[in-house]
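Structure data (PDB, N, CA and C atoms) from input15.pdb:
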MODEL        1
ATOM      1  N   MET A   1     -44.734   1.815 -29.869
ATOM      2  CA  MET A   1     -44.168   1.660 -31.194
ATOM      3  C   MET A   1     -42.845   0.900 -31.094
ATOM      4  N   SER A   2     -42.660  -0.115 -31.904
ATOM      5  CA  SER A   2     -41.442  -0.917 -31.859
ATOM      6  C   SER A   2     -40.382  -0.341 -32.797
ATOM      7  N   GLU A   3     -39.125  -0.611 -32.447
ATOM      8  CA  GLU A   3     -38.021  -0.147 -33.265
ATOM      9  C   GLU A   3     -37.891  -1.016 -34.509
ATOM     10  N   THR A   4     -37.339  -0.414 -35.561
ATOM     11  CA  THR A   4     -37.057  -1.166 -36.771
ATOM     12  C   THR A   4     -35.787  -1.968 -36.542
ATOM     13  N   LEU A   5     -35.829  -3.243 -36.846
ATOM     14  CA  LEU A   5     -34.699  -4.145 -36.634
ATOM     15  C   LEU A   5     -34.066  -4.491 -37.973
ATOM     16  N   HIS A   6     -32.753  -4.382 -38.030
ATOM     17  CA  HIS A   6     -31.992  -4.719 -39.232
ATOM     18  C   HIS A   6     -31.001  -5.828 -38.907
ATOM     19  N   ALA A   7     -30.796  -6.734 -39.848
ATOM     20  CA  ALA A   7     -29.815  -7.803 -39.697
ATOM     21  C   ALA A   7     -28.628  -7.522 -40.607
ATOM     22  N   HIS A   8     -27.454  -7.934 -40.156
ATOM     23  CA  HIS A   8     -26.232  -7.753 -40.930
ATOM     24  C   HIS A   8     -25.379  -9.006 -40.808
ATOM     25  N   VAL A   9     -24.750  -9.398 -41.922
ATOM     26  CA  VAL A   9     -23.813 -10.511 -41.930
ATOM     27  C   VAL A   9     -22.425  -9.954 -42.234
ATOM     28  N   ASP A  10     -21.474 -10.248 -41.356
ATOM     29  CA  ASP A  10     -20.084  -9.884 -41.606
ATOM     30  C   ASP A  10     -19.493 -10.988 -42.478
ATOM     31  N   GLU A  11     -19.361 -10.719 -43.752
ATOM     32  CA  GLU A  11     -18.898 -11.726 -44.707
ATOM     33  C   GLU A  11     -17.439 -12.114 -44.489
ATOM     34  N   GLN A  12     -16.698 -11.305 -43.761
ATOM     35  CA  GLN A  12     -15.308 -11.634 -43.438
ATOM     36  C   GLN A  12     -15.225 -12.688 -42.336
ATOM     37  N   VAL A  13     -16.311 -12.839 -41.577
ATOM     38  CA  VAL A  13     -16.350 -13.762 -40.445
ATOM     39  C   VAL A  13     -17.186 -15.008 -40.754
ATOM     40  N   CYS A  14     -18.192 -14.868 -41.600
ATOM     41  CA  CYS A  14     -19.107 -15.965 -41.925
ATOM     42  C   CYS A  14     -18.361 -17.103 -42.617
ATOM     43  N   VAL A  15     -18.658 -18.337 -42.186
ATOM     44  CA  VAL A  15     -18.078 -19.520 -42.824
ATOM     45  C   VAL A  15     -19.138 -20.374 -43.518
ATOM     46  N   GLY A  16     -20.380 -19.881 -43.554
ATOM     47  CA  GLY A  16     -21.433 -20.551 -44.313
ATOM     48  C   GLY A  16     -21.935 -21.855 -43.746
ATOM     49  N   THR A  17     -22.025 -21.959 -42.421
ATOM     50  CA  THR A  17     -22.539 -23.199 -41.831
ATOM     51  C   THR A  17     -24.009 -23.422 -42.144
ATOM     52  N   GLY A  18     -24.746 -22.344 -42.416
ATOM     53  CA  GLY A  18     -26.163 -22.463 -42.749
ATOM     54  C   GLY A  18     -27.089 -22.516 -41.561
ATOM     55  N   MET A  19     -26.557 -22.343 -40.362
ATOM     56  CA  MET A  19     -27.424 -22.376 -39.178
ATOM     57  C   MET A  19     -28.447 -21.249 -39.207
ATOM     58  N   CYS A  20     -28.042 -20.074 -39.698
ATOM     59  CA  CYS A  20     -28.980 -18.951 -39.769
ATOM     60  C   CYS A  20     -30.108 -19.248 -40.752
ATOM     61  N   GLU A  21     -29.751 -19.844 -41.878
ATOM     62  CA  GLU A  21     -30.755 -20.183 -42.883
ATOM     63  C   GLU A  21     -31.717 -21.241 -42.345
ATOM     64  N   ALA A  22     -31.199 -22.185 -41.586
ATOM     65  CA  ALA A  22     -32.059 -23.221 -41.000
ATOM     66  C   ALA A  22     -32.992 -22.641 -39.944
ATOM     67  N   THR A  23     -32.501 -21.639 -39.206
ATOM     68  CA  THR A  23     -33.289 -21.024 -38.137
ATOM     69  C   THR A  23     -34.279 -19.998 -38.665
ATOM     70  N   ALA A  24     -33.853 -19.212 -39.645
ATOM     71  CA  ALA A  24     -34.684 -18.126 -40.166
ATOM     72  C   ALA A  24     -34.573 -18.067 -41.695
ATOM     73  N   PRO A  25     -35.163 -19.054 -42.383
ATOM     74  CA  PRO A  25     -35.010 -19.132 -43.842
ATOM     75  C   PRO A  25     -35.644 -17.977 -44.613
ATOM     76  N   ASP A  26     -36.557 -17.254 -43.981
ATOM     77  CA  ASP A  26     -37.139 -16.087 -44.645
ATOM     78  C   ASP A  26     -36.235 -14.857 -44.549
ATOM     79  N   LEU A  27     -35.190 -14.945 -43.724
ATOM     80  CA  LEU A  27     -34.294 -13.815 -43.509
ATOM     81  C   LEU A  27     -32.894 -14.014 -44.076
ATOM     82  N   PHE A  28     -32.428 -15.264 -44.082
ATOM     83  CA  PHE A  28     -31.039 -15.540 -44.475
ATOM     84  C   PHE A  28     -30.970 -16.684 -45.474
ATOM     85  N   GLU A  29     -29.945 -16.613 -46.332
ATOM     86  CA  GLU A  29     -29.629 -17.748 -47.190
ATOM     87  C   GLU A  29     -28.124 -17.770 -47.413
ATOM     88  N   VAL A  30     -27.585 -18.977 -47.556
ATOM     89  CA  VAL A  30     -26.176 -19.117 -47.888
ATOM     90  C   VAL A  30     -26.083 -19.104 -49.401
ATOM     91  N   GLY A  31     -25.314 -18.163 -49.905
ATOM     92  CA  GLY A  31     -25.189 -17.984 -51.341
ATOM     93  C   GLY A  31     -24.158 -18.906 -51.955
ATOM     94  N   ASP A  32     -24.044 -18.835 -53.250
ATOM     95  CA  ASP A  32     -23.072 -19.632 -53.998
ATOM     96  C   ASP A  32     -21.635 -19.303 -53.590
ATOM     97  N   ASP A  33     -21.448 -18.131 -53.003
ATOM     98  CA  ASP A  33     -20.110 -17.732 -52.565
ATOM     99  C   ASP A  33     -19.728 -18.336 -51.217
ATOM    100  N   GLY A  34     -20.650 -19.089 -50.605
ATOM    101  CA  GLY A  34     -20.356 -19.772 -49.354
ATOM    102  C   GLY A  34     -20.571 -18.940 -48.108
ATOM    103  N   THR A  35     -21.138 -17.743 -48.253
ATOM    104  CA  THR A  35     -21.445 -16.928 -47.081
ATOM    105  C   THR A  35     -22.941 -16.634 -47.035
ATOM    106  N   SER A  36     -23.387 -16.320 -45.845
ATOM    107  CA  SER A  36     -24.794 -16.006 -45.644
ATOM    108  C   SER A  36     -25.090 -14.590 -46.122
ATOM    109  N   HIS A  37     -26.327 -14.403 -46.567
ATOM    110  CA  HIS A  37     -26.791 -13.099 -47.025
ATOM    111  C   HIS A  37     -28.152 -12.806 -46.408
ATOM    112  N   VAL A  38     -28.385 -11.548 -46.080
ATOM    113  CA  VAL A  38     -29.664 -11.110 -45.535
ATOM    114  C   VAL A  38     -30.633 -10.918 -46.698
ATOM    115  N   LEU A  39     -31.817 -11.486 -46.586
ATOM    116  CA  LEU A  39     -32.808 -11.418 -47.657
ATOM    117  C   LEU A  39     -33.735 -10.206 -47.554
ATOM    118  N   LEU A  40     -33.930  -9.693 -46.341
ATOM    119  CA  LEU A  40     -34.845  -8.565 -46.131
ATOM    120  C   LEU A  40     -34.097  -7.415 -45.465
ATOM    121  N   ASP A  41     -34.259  -6.216 -45.982
ATOM    122  CA  ASP A  41     -33.595  -5.046 -45.406
ATOM    123  C   ASP A  41     -34.052  -4.785 -43.972
ATOM    124  N   VAL A  42     -35.332  -4.960 -43.738
ATOM    125  CA  VAL A  42     -35.914  -4.747 -42.408
ATOM    126  C   VAL A  42     -36.511  -6.066 -41.940
ATOM    127  N   VAL A  43     -36.179  -6.455 -40.715
ATOM    128  CA  VAL A  43     -36.718  -7.687 -40.138
ATOM    129  C   VAL A  43     -38.157  -7.419 -39.701
ATOM    130  N   PRO A  44     -39.124  -8.152 -40.280
ATOM    131  CA  PRO A  44     -40.518  -7.971 -39.849
ATOM    132  C   PRO A  44     -40.676  -8.376 -38.380
ATOM    133  N   PRO A  45     -41.550  -7.710 -37.647
ATOM    134  CA  PRO A  45     -41.733  -8.024 -36.224
ATOM    135  C   PRO A  45     -41.995  -9.507 -35.956
ATOM    136  N   GLU A  46     -42.726 -10.150 -36.838
ATOM    137  CA  GLU A  46     -43.048 -11.566 -36.621
ATOM    138  C   GLU A  46     -41.842 -12.485 -36.811
ATOM    139  N   LEU A  47     -40.755 -11.974 -37.381
ATOM    140  CA  LEU A  47     -39.536 -12.767 -37.575
ATOM    141  C   LEU A  47     -38.409 -12.328 -36.640
ATOM    142  N   ALA A  48     -38.680 -11.373 -35.760
ATOM    143  CA  ALA A  48     -37.638 -10.855 -34.865
ATOM    144  C   ALA A  48     -37.082 -11.931 -33.942
ATOM    145  N   ALA A  49     -37.933 -12.772 -33.402
ATOM    146  CA  ALA A  49     -37.451 -13.829 -32.503
ATOM    147  C   ALA A  49     -36.550 -14.806 -33.257
ATOM    148  N   ALA A  50     -36.916 -15.167 -34.475
ATOM    149  CA  ALA A  50     -36.084 -16.064 -35.279
ATOM    150  C   ALA A  50     -34.753 -15.403 -35.629
ATOM    151  N   ALA A  51     -34.776 -14.107 -35.913
ATOM    152  CA  ALA A  51     -33.541 -13.381 -36.218
ATOM    153  C   ALA A  51     -32.613 -13.377 -35.005
ATOM    154  N   ARG A  52     -33.174 -13.140 -33.839
ATOM    155  CA  ARG A  52     -32.360 -13.144 -32.615
ATOM    156  C   ARG A  52     -31.772 -14.527 -32.342
ATOM    157  N   LYS A  53     -32.573 -15.555 -32.543
ATOM    158  CA  LYS A  53     -32.109 -16.934 -32.346
ATOM    159  C   LYS A  53     -30.985 -17.255 -33.331
ATOM    160  N   ALA A  54     -31.139 -16.849 -34.575
ATOM    161  CA  ALA A  54     -30.104 -17.091 -35.581
ATOM    162  C   ALA A  54     -28.804 -16.394 -35.190
ATOM    163  N   ALA A  55     -28.896 -15.159 -34.721
ATOM    164  CA  ALA A  55     -27.702 -14.427 -34.311
ATOM    165  C   ALA A  55     -27.039 -15.090 -33.103
ATOM    166  N   GLU A  56     -27.842 -15.526 -32.150
ATOM    167  CA  GLU A  56     -27.306 -16.200 -30.959
ATOM    168  C   GLU A  56     -26.632 -17.519 -31.304
ATOM    169  N   ASP A  57     -27.189 -18.245 -32.278
ATOM    170  CA  ASP A  57     -26.688 -19.573 -32.620
ATOM    171  C   ASP A  57     -25.550 -19.563 -33.634
ATOM    172  N   CYS A  58     -25.245 -18.403 -34.208
ATOM    173  CA  CYS A  58     -24.182 -18.335 -35.211
ATOM    174  C   CYS A  58     -22.845 -18.692 -34.557
ATOM    175  N   PRO A  59     -22.182 -19.754 -35.027
ATOM    176  CA  PRO A  59     -20.947 -20.190 -34.381
ATOM    177  C   PRO A  59     -19.781 -19.209 -34.509
ATOM    178  N   THR A  60     -19.806 -18.359 -35.501
ATOM    179  CA  THR A  60     -18.718 -17.394 -35.682
ATOM    180  C   THR A  60     -19.113 -15.986 -35.276
ATOM    181  N   ARG A  61     -20.357 -15.798 -34.840
ATOM    182  CA  ARG A  61     -20.883 -14.491 -34.444
ATOM    183  C   ARG A  61     -20.837 -13.500 -35.612
ATOM    184  N   ALA A  62     -21.078 -14.017 -36.816
ATOM    185  CA  ALA A  62     -21.069 -13.180 -38.010
ATOM    186  C   ALA A  62     -22.355 -12.366 -38.151
ATOM    187  N   LEU A  63     -23.404 -12.758 -37.448
ATOM    188  CA  LEU A  63     -24.685 -12.053 -37.560
ATOM    189  C   LEU A  63     -24.845 -11.049 -36.429
ATOM    190  N   THR A  64     -25.273  -9.866 -36.803
ATOM    191  CA  THR A  64     -25.588  -8.849 -35.796
ATOM    192  C   THR A  64     -26.949  -8.249 -36.135
ATOM    193  N   LEU A  65     -27.627  -7.816 -35.102
ATOM    194  CA  LEU A  65     -28.925  -7.169 -35.248
ATOM    195  C   LEU A  65     -28.830  -5.787 -34.643
ATOM    196  N   GLY A  66     -29.469  -4.835 -35.289
ATOM    197  CA  GLY A  66     -29.442  -3.484 -34.759
ATOM    198  C   GLY A  66     -30.711  -2.742 -35.096
ATOM    199  N   ALA A  67     -31.028  -1.792 -34.253
ATOM    200  CA  ALA A  67     -32.191  -0.946 -34.485
ATOM    201  C   ALA A  67     -31.773   0.201 -35.391
ATOM    202  N   GLY A  68     -32.716   0.639 -36.171
ATOM    203  CA  GLY A  68     -32.367   1.745 -37.046
ATOM    204  C   GLY A  68     -33.551   2.512 -37.493
TER     205      GLY A  68
ENDMDL
END
Translate this file's structure into structure tokens.
Amino acid sequence: MSETLHAHVDEQVCVGTGMCEATAPDLFEVGDDGTSHVLLDVVPPELAAAARKAAEDCPTRALTLGAG
């Protein structure tokens, strides 16, 4: 059984480069406020690799992933 994966954006750190949205558009979007937002409360297993890649590629390290 796999763990449930959750994504979080630290809006105090995010600068809205859009790299997360480009990497995982089903999980993240940059809003009108200029910061990224998580679109799904729980990351589906088929999107876990994209979520991890987005977190790794975030230039400000605003994205974190955690099990819950």
- Query: Which one of A:Leu63, A:Ala7, A:Ala24, A:Cys14 sits closest to Leu47 in chain A if you count only C-alpha atoms?
  - Reply: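 Residue with the minimum atom-to-atom distance to Leu47 in chain A: A:Ala24.
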- Query: Written as a ChimeraX atom specification, what is the full residue list that the PyMOL selection byres ((chain A and resi 31-43) around 7) yields on the file shown?
  - Reply: /A:4-9,11,14-17,26-30,44-48
- Task: Would you write out, as number ranges by chain, every residue that the PyMOL selection byres (((chain A and resi 54 and name CA) around 7) and name CA) captures in this file?
- Result: A: 19-20, 23-24, 50-53, 55-58
- Query: Among chain A, which ones does DSSP place in strand (DSSP E or B), written as a list in words?
  - Reply: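 DSSP on the backbone gives strand (DSSP E or B) at Leu5, His6, Ala7, His8, Val9, Phe28, Glu29, Val30, Ser36, His37, Val38, Val43, Leu63, Thr64, Leu65, Gly66 and Ala67 of chain A.
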- Residue list (alpha helix (DSSP H), DSSP) for chain A, as number ranges by chain: A: 19-23, 48-57
Quick one: what's the axis-aligned box for range 47-53 of chain A, all listed atoms, 8 Å on every side, centre and edges in Å to one decimal, as AutoDock Vina command-line options?
--center_x -35.9 --center_y -14.1 --center_z -35.0 --size_x 25.8 --size_y 22.4 --size_z 21.2
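Between atom C of Glu21 in chain A and CA of Glu3 in chain A lies a distance of 23.8 Å.
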